[in-house]
Every structure is written in structure tokens, then in C-alpha cells.
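**Student:** What follows is the file target_31.cif, containing mmCIF, C-alpha atoms and all ligand atoms:
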data_run
#
loop_
_atom_site.label_atom_id
_atom_site.label_comp_id
_atom_site.auth_asym_id
_atom_site.auth_seq_id
_atom_site.Cartn_x
_atom_site.Cartn_y
_atom_site.Cartn_z
CA MET A 300 48.28 63.60 11.36
CA ASP A 301 51.24 63.17 13.71
CA CYS A 302 53.52 60.45 12.31
CA ILE A 303 53.22 58.17 15.37
CA ASP A 304 49.44 58.57 15.33
CA LEU A 305 49.53 57.58 11.65
CA MET A 306 51.50 54.42 12.49
CA LYS A 307 49.01 53.58 15.26
CA ALA A 308 46.10 54.11 12.85
CA GLU A 309 47.77 51.63 10.47
CA HIS A 310 48.08 49.20 13.39
CA ALA A 311 44.31 49.46 13.86
CA ASN A 312 43.78 48.52 10.18
CA ILE A 313 46.24 45.63 10.47
CA LEU A 314 44.43 44.37 13.60
CA GLU A 315 41.22 44.33 11.56
CA LEU A 316 42.96 42.26 8.90
CA LEU A 317 44.13 39.84 11.62
CA GLY A 318 40.51 39.55 12.78
CA VAL A 319 39.46 38.69 9.23
CA MET A 320 42.17 36.00 9.02
CA ARG A 321 41.10 34.42 12.31
CA SER A 322 37.47 34.54 11.27
CA ALA A 323 38.29 32.85 7.94
CA CYS A 324 40.14 30.12 9.89
CA CYS A 325 37.12 29.62 12.17
CA ARG A 326 34.92 29.13 9.08
CA ILE A 327 37.20 26.26 7.99
CA LEU A 328 37.03 24.71 11.46
CA GLU A 329 33.24 24.91 11.26
CA GLY A 330 33.32 22.92 8.02
CA ALA A 331 33.37 25.53 5.24
CA PRO A 332 35.63 24.86 2.24
CA VAL A 333 39.03 26.59 2.21
CA ALA A 334 38.42 30.00 0.59
CA ASP A 335 41.61 29.99 -1.47
CA ALA A 336 41.05 33.32 -3.27
CA ASP A 337 40.21 35.13 -0.03
CA PHE A 338 43.33 33.79 1.69
CA ARG A 339 45.39 34.95 -1.32
CA ASP A 340 43.84 38.43 -0.90
CA MET A 341 44.76 38.39 2.80
CA ILE A 342 48.33 37.40 1.92
CA TRP A 343 48.44 40.25 -0.62
CA LEU A 344 47.30 42.71 2.05
CA VAL A 345 49.78 41.41 4.61
CA ARG A 346 52.66 41.67 2.14
CA ASN A 347 51.72 45.01 0.67
CA TYR A 348 49.95 46.96 3.42
CA ALA A 349 51.27 45.48 6.69
CA ASP A 350 54.76 44.68 5.44
CA LYS A 351 55.77 46.92 2.52
CA HIS A 352 53.78 49.99 3.54
CA HIS A 353 53.77 49.86 7.35
CA HIS A 354 56.89 47.85 8.22
CA GLY A 355 58.58 49.71 5.36
CA LYS A 356 58.20 53.00 7.23
CA GLU A 357 59.43 51.39 10.45
CA GLU A 358 62.44 49.66 8.89
CA GLN A 359 63.51 52.43 6.51
CA ILE A 360 62.70 55.49 8.62
CA LEU A 361 61.69 55.27 12.30
CA PHE A 362 63.76 52.30 13.47
CA VAL A 363 66.88 53.54 11.65
CA GLU A 364 66.76 56.78 13.64
CA MET A 365 65.98 54.99 16.91
CA VAL A 366 69.03 52.72 16.54
CA ALA A 367 71.20 55.71 15.53
CA HIS A 368 70.12 57.97 18.41
CA GLN A 369 68.84 55.83 21.28
CA GLY A 370 71.78 53.55 22.03
CA GLN A 371 71.82 49.99 23.30
CA ILE A 372 68.21 49.88 24.50
CA ALA A 373 66.94 50.75 21.02
CA GLU A 374 69.38 48.31 19.42
CA ASN A 375 68.06 45.48 21.61
CA LEU A 376 64.44 46.50 21.15
CA ILE A 377 64.66 46.94 17.38
CA GLN A 378 67.30 44.61 16.01
CA HIS A 379 66.79 41.71 18.39
CA GLY A 380 63.05 42.25 18.84
CA MET A 381 60.96 44.06 16.25
CA LEU A 382 62.98 43.14 13.15
CA VAL A 383 63.18 39.49 14.19
CA GLU A 384 59.38 39.49 14.55
CA HIS A 385 58.91 41.14 11.12
CA ASP A 386 61.00 38.30 9.63
CA LEU A 387 59.13 35.60 11.54
CA GLY A 388 55.87 37.08 10.20
CA ARG A 389 57.23 36.81 6.64
CA LEU A 390 58.07 33.16 7.28
CA TYR A 391 54.53 32.36 8.52
CA ILE A 392 53.05 34.06 5.44
CA SER A 393 55.36 32.14 3.06
CA ASN A 394 54.42 28.95 4.86
CA LEU A 395 50.72 29.85 4.59
CA GLU A 396 51.07 30.43 0.84
CA ALA A 397 52.92 27.13 0.41
CA ALA A 398 50.22 25.32 2.42
CA LEU A 399 47.50 26.85 0.19
CA ASP A 400 49.41 25.67 -2.90
CA ARG A 401 49.77 22.17 -1.48
CA TYR A 402 46.10 22.06 -0.44
CA ALA A 403 44.99 23.18 -3.94
CA ALA A 404 46.94 20.24 -5.40
CA SER A 405 46.12 17.79 -2.63
CA PRO A 406 43.23 18.72 -0.28
CA THR A 407 44.32 16.66 2.71
CA ALA A 408 43.64 17.34 6.40
CA MET A 409 47.38 17.76 6.96
CA ASN A 410 47.61 20.52 4.34
CA LYS A 411 44.51 22.18 5.82
CA LEU A 412 46.15 22.02 9.25
CA ASP A 413 49.19 23.89 7.88
CA ILE A 414 46.93 26.63 6.48
CA LEU A 415 45.28 27.11 9.88
CA ALA A 416 48.47 26.81 11.91
CA ASN A 417 50.41 29.38 9.88
CA ALA A 418 47.53 31.84 9.53
CA VAL A 419 46.74 31.76 13.26
CA SER A 420 50.43 31.90 14.24
CA TYR A 421 50.83 35.01 12.09
CA THR A 422 47.83 36.72 13.70
CA ASP A 423 49.08 35.91 17.19
CA LEU A 424 52.61 37.14 16.43
CA LEU A 425 51.44 40.40 14.83
CA GLN A 426 48.92 41.15 17.55
CA ARG A 427 51.59 40.86 20.25
CA HIS A 428 54.04 42.80 18.06
CA ILE A 429 51.59 45.68 17.63
CA GLU A 430 50.85 45.77 21.36
CA LYS A 431 54.60 46.08 22.09
CA GLU A 432 55.07 48.83 19.53
CA ASP A 433 52.07 50.85 20.72
CA ALA A 434 52.90 50.50 24.41
CA ALA A 435 56.70 50.53 24.41
CA VAL A 436 58.56 51.09 21.14
CA TYR A 437 56.65 54.08 19.79
CA ALA A 438 56.32 55.56 23.28
CA PHE A 439 60.11 55.27 23.70
CA ALA A 440 60.67 57.01 20.34
CA GLU A 441 58.28 59.84 21.21
CA ARG A 442 59.82 60.31 24.63
CA GLU A 443 63.52 59.99 23.78
CA LEU A 444 64.17 60.99 20.17
CA PRO A 445 65.48 64.56 19.83
CA LYS A 446 62.90 66.96 18.44
CA ASP A 447 64.80 67.64 15.19
CA VAL A 448 65.19 63.89 14.55
CA MET A 449 61.47 63.35 15.13
CA GLU A 450 60.73 66.15 12.67
CA SER A 451 62.97 64.49 10.08
CA VAL A 452 61.19 61.15 10.69
CA ALA A 453 57.85 62.90 10.13
CA GLU A 454 59.09 64.53 6.91
CA HIS A 455 60.39 61.23 5.50
CA MET A 456 57.11 59.55 6.38
CA ARG A 457 55.20 62.33 4.61
CA GLN A 458 57.29 61.67 1.46
CA PHE A 459 56.70 57.92 1.76
CA GLU A 460 52.95 58.53 2.10
CA ALA A 461 52.88 60.94 -0.85
CA GLU A 462 54.49 58.31 -3.09
CA SER A 463 51.95 55.69 -2.06
CA GLU A 464 49.13 58.23 -2.43
CA ALA A 465 50.24 58.95 -5.99
CA ARG A 466 49.78 55.28 -6.81
CA ASN A 467 46.36 55.20 -5.13
CA PHE A 468 47.84 52.39 -3.12
CA GLN A 469 46.19 52.95 0.24
CA SER A 470 42.64 53.21 -1.05
CA LYS A 471 43.19 49.97 -2.99
CA CYS A 472 44.31 48.24 0.24
CA LEU A 473 41.59 49.72 2.43
CA ASP A 474 38.86 48.89 -0.14
CA LEU A 475 40.00 45.27 -0.22
CA LEU A 476 40.12 45.17 3.59
CA ALA A 477 36.57 46.58 3.76
CA GLN A 478 35.34 43.88 1.35
CA LEU A 479 36.97 41.14 3.42
CA LYS A 480 35.58 42.59 6.68
CA GLU A 481 32.11 42.58 5.18
CA LYS A 482 32.52 38.94 4.17
CA TYR A 483 34.17 37.77 7.39
CA ARG A 484 32.37 39.58 10.15
CA VAL A 485 34.85 39.21 12.96
CA LEU A 486 34.02 36.61 15.58
CA ASN A 487 35.02 37.05 19.22
FE FE A 501 56.76 46.44 13.47
FE FE A 502 54.12 48.48 13.49
#
Would you write out, as C-alpha cells, the structure that this file holds?
**Tutor:**
Amino acid sequence: MDCIDLMKAEHANILELLGVMRSACCRILEGAPVADADFRDMIWLVRNYADKHHHGKEEQILFVEMVAHQGQIAENLIQHGMLVEHDLGRLYISNLEAALDRYAASPTAMNKLDILANAVSYTDLLQRHIEKEDAAVYAFAERELPKDVMESVAEHMRQFEAESEARNFQSKCLDLLAQLKEKYRVLN
């Protein structure tokens, strides 16, 4: 698979995870108890699949080459845009985990509110982030990166994928996502 197509396919999986998170939040609003273990699984997927695996390839491979070869526009787009959003996402997820910990110790409405607020904020941020990457950032890379640089990006991504394949990492993530999707059929 072309390396940009691969990144877009990962976006599709991440969007499904965001749908699961929103659906789990809706269940709480409808009166269900907070599904602590399921939220911990979602956090694990965000940190390992969305962040380490997907953002890892952006931050360590694609974005490095874009900043090196595409001048000020790429610098603004990546360093003052995409990377800031990756960090904000990490903050929402840390806040979500802290809210789950507080709620487990003290199940108050205020702690429940922080679970919902941080989970929904993360989904909103990442959805917009993915739309920008699909429509602008990746398109800019495909259009403007020299062919040999794009080939080197693809080769580094293949190595990254092979390492994760060796650890059976992706199937572990996608199996867990499938289980969560089954449990939280996404609401519109
Ligand atoms: Fe990103
Ligand atoms: Fe991305």
C-alpha cells in the first residue's frame, strides 16, 4: 500500500475509535454506569495505536521530511499546527485518565463531567485534526515532496511497520477496536 494511503487507512481506524468513545459517553448521559475498564481500553488504544503507532510515523518520519524540504509553509503547518494538536490530544487523554481515577475513588457528578468533557474534547480535536491532514497536510506532502524523499519516507514507514508487525502489535490493536465497536455500536 502507498504510504499516504496507509496513513489514511489508519485515520479511518482512529475515526472508528473516536465513534466508540463518543458512543460510550452517550451511554453515560443516558444513565449507564461509567464503564471504567472500557475507557481504560480506549485510552490504551489512543496511546498505543493513534499516538505511538500513527503519530509516531508522522513525527519521526513524514513531518521531519516535510519541515526539512518544504520551507516555511510546512514549518507553520507542522510545528505550529499538527504537533501542537498531538500534544493537546495527549493532555485531554491524561486528563481523562485522571478523571477516571478520581471518579473510581469518588463517584461524583463533577468527576463524571470531567470524564465526558475530556473524552468528547479529544474526539472533536482528533476528528478535525484528521480532516486537516487528509485534505491539506498529506496532500501538500504528496504534491510537493521530491520523489526521492517520498521514496525514503515510504521505506522508513515500511521498516516501522515491519517492527510493529513482528510484535503482532497491529492485530492486537485492531482486535480490541473490533471488540469495542461491537459493544458500542456507533450512534449518529
Ligand atoms: Fe497527526
Ligand atoms: Fe494523522
**Student:** Write out as a tab-separated table the residues of chain A that have any atom within 8 Å of an atom of ligand FE 501 (chain A), one row each with the nearest atom pair and its distance in Å to one decimal, counting all atoms listed in the file, sorted by chain and then rising number.
**Tutor:**
residue	atom	partner	partner_atom	distance
A:His353	CA	A:FE501	FE	7.6
A:His354	CA	A:FE501	FE	5.4
A:Glu357	CA	A:FE501	FE	6.4
A:Glu358	CA	A:FE501	FE	8.0
A:Met381	CA	A:FE501	FE	5.6
A:Leu382	CA	A:FE501	FE	7.0
A:Glu384	CA	A:FE501	FE	7.5
A:His385	CA	A:FE501	FE	6.2
A:His428	CA	A:FE501	FE	6.5
A:Ile429	CA	A:FE501	FE	6.7
A:Glu432	CA	A:FE501	FE	6.7
**Student:** Would you mind exporting the chosen residues as a JSON list (two decimals), in the frame of the given file, restricted to C-alpha atoms?
**Tutor:**
[["chain", "number", "residue", "atom", "x", "y", "z"],
["A", 353, "HIS", "CA", 53.77, 49.86, 7.35],
["A", 354, "HIS", "CA", 56.89, 47.85, 8.22],
["A", 357, "GLU", "CA", 59.43, 51.39, 10.45],
["A", 358, "GLU", "CA", 62.44, 49.66, 8.89],
["A", 381, "MET", "CA", 60.96, 44.06, 16.25],
["A", 382, "LEU", "CA", 62.98, 43.14, 13.15],
["A", 384, "GLU", "CA", 59.38, 39.49, 14.55],
["A", 385, "HIS", "CA", 58.91, 41.14, 11.12],
["A", 428, "HIS", "CA", 54.04, 42.80, 18.06],
["A", 429, "ILE", "CA", 51.59, 45.68, 17.63],
["A", 432, "GLU", "CA", 55.07, 48.83, 19.53]]
**Student:** Name the closest residue to ligand FE 502 (chain A) among the candidates A:Ala434, A:Met409, A:Cys472, A:Ala403; distances are taken between atoms, counting only C-alpha atoms and all ligand atoms.
**Tutor:**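 Between A:Ala434, A:Met409, A:Cys472, A:Ala403, the residue approaching ligand FE 502 (chain A) most closely is A:Ala434.
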**Student:** With only C-alpha atoms as the counted atoms, please give the residues lying no more than 10 Å from Val345 (chain A), apart from itself and same-chain residues fewer than 4 positions off, as a PyMOL selection string.
**Tutor:** chain A and resi 313+316-317+339-341+349-353+388-389+392+421+472
**Student:** I'd like the interatomic distance between CA of Gln426 (chain A) and CA of Leu314 (chain A), to a tenth of an Å.
**Tutor:** 6.8 Å
**Student:** For region 441-448 of chain A, take all atoms listed in the file, fit an axis-aligned box around them, add 4 Å to each of the six sides, then output centre and edge lengths in Å rounded to one decimal, as JSON.
**Tutor:**
{"center_x": 61.9, "center_y": 63.7, "center_z": 19.6, "size_x": 15.2, "size_y": 15.8, "size_z": 18.1}
**Student:** So that I can see what lies close to region 374-376 of chain A, please list as a PyMOL selection string the residues with an atom at most 12 Å from it, counting all atoms listed in the file and leaving out residues fewer than 2 positions away in the same chain.
**Tutor:** chain A and resi 362-372+378-384+428+431-432+435-437+439-440
**Student:** Enter the distance from CA of Phe338 (chain A) to CA of Leu425 (chain A), in Å, rounded to one decimal.
**Tutor:**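 So the two atoms, CA of Phe338 (chain A) and CA of Leu425 (chain A), lie 16.8 Å apart.
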**Student:** Find the spatial neighbours of Leu412 (chain A), counting all atoms listed in the file, within a cut-off of 12 Å - ignore same-chain residues fewer than 6 positions away - and output them as a list in words.
**Tutor:** Cys324, Ile327, Leu328, Val333, Asn394, Leu395, Ala398, Leu399, Arg401, Tyr402, Pro406, Ala418, Val419 and Ser420 of chain A
**Student:** In Å to one decimal, how far is CA of Lys307 (chain A) from CA of Met449 (chain A)?
**Tutor:**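 Taking CA of Met449 (chain A) as the start and CA of Lys307 (chain A) as the end point, the length is 15.8 Å.
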**Student:** From (38.4, 35.5, 11.4), in the file's coordinates, out to 9 Å: which residues are reached, counting all atoms listed in the file? Answer as a ChimeraX atom specification.
**Tutor:** /A:316-326,480,483-487
**Student:** Closest to Met300 (chain A) among A:Leu415, A:Ala453, A:Leu476, A:Leu361, using all atoms listed in the file?
**Tutor:**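 When distances to Met300 (chain A) are compared using all atoms listed in the file, the smallest one comes from A:Ala453.
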**Student:** Excluding Phe468 (chain A) and residues on its chain fewer than 5 positions from it, collect all residues at most 10 Å away from it, counting only C-alpha atoms, and give them as a CSV table (one decimal) with C-alpha atoms, keeping the file's coordinate frame.
**Tutor:**
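See out-v4.csv below for the written result:
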chain,number,residue,atom,x,y,z
A,347,ASN,CA,51.7,45.0,0.7
A,348,TYR,CA,50.0,47.0,3.4
A,352,HIS,CA,53.8,50.0,3.5
A,460,GLU,CA,53.0,58.5,2.1
A,462,GLU,CA,54.5,58.3,-3.1
A,463,SER,CA,52.0,55.7,-2.1
A,473,LEU,CA,41.6,49.7,2.4
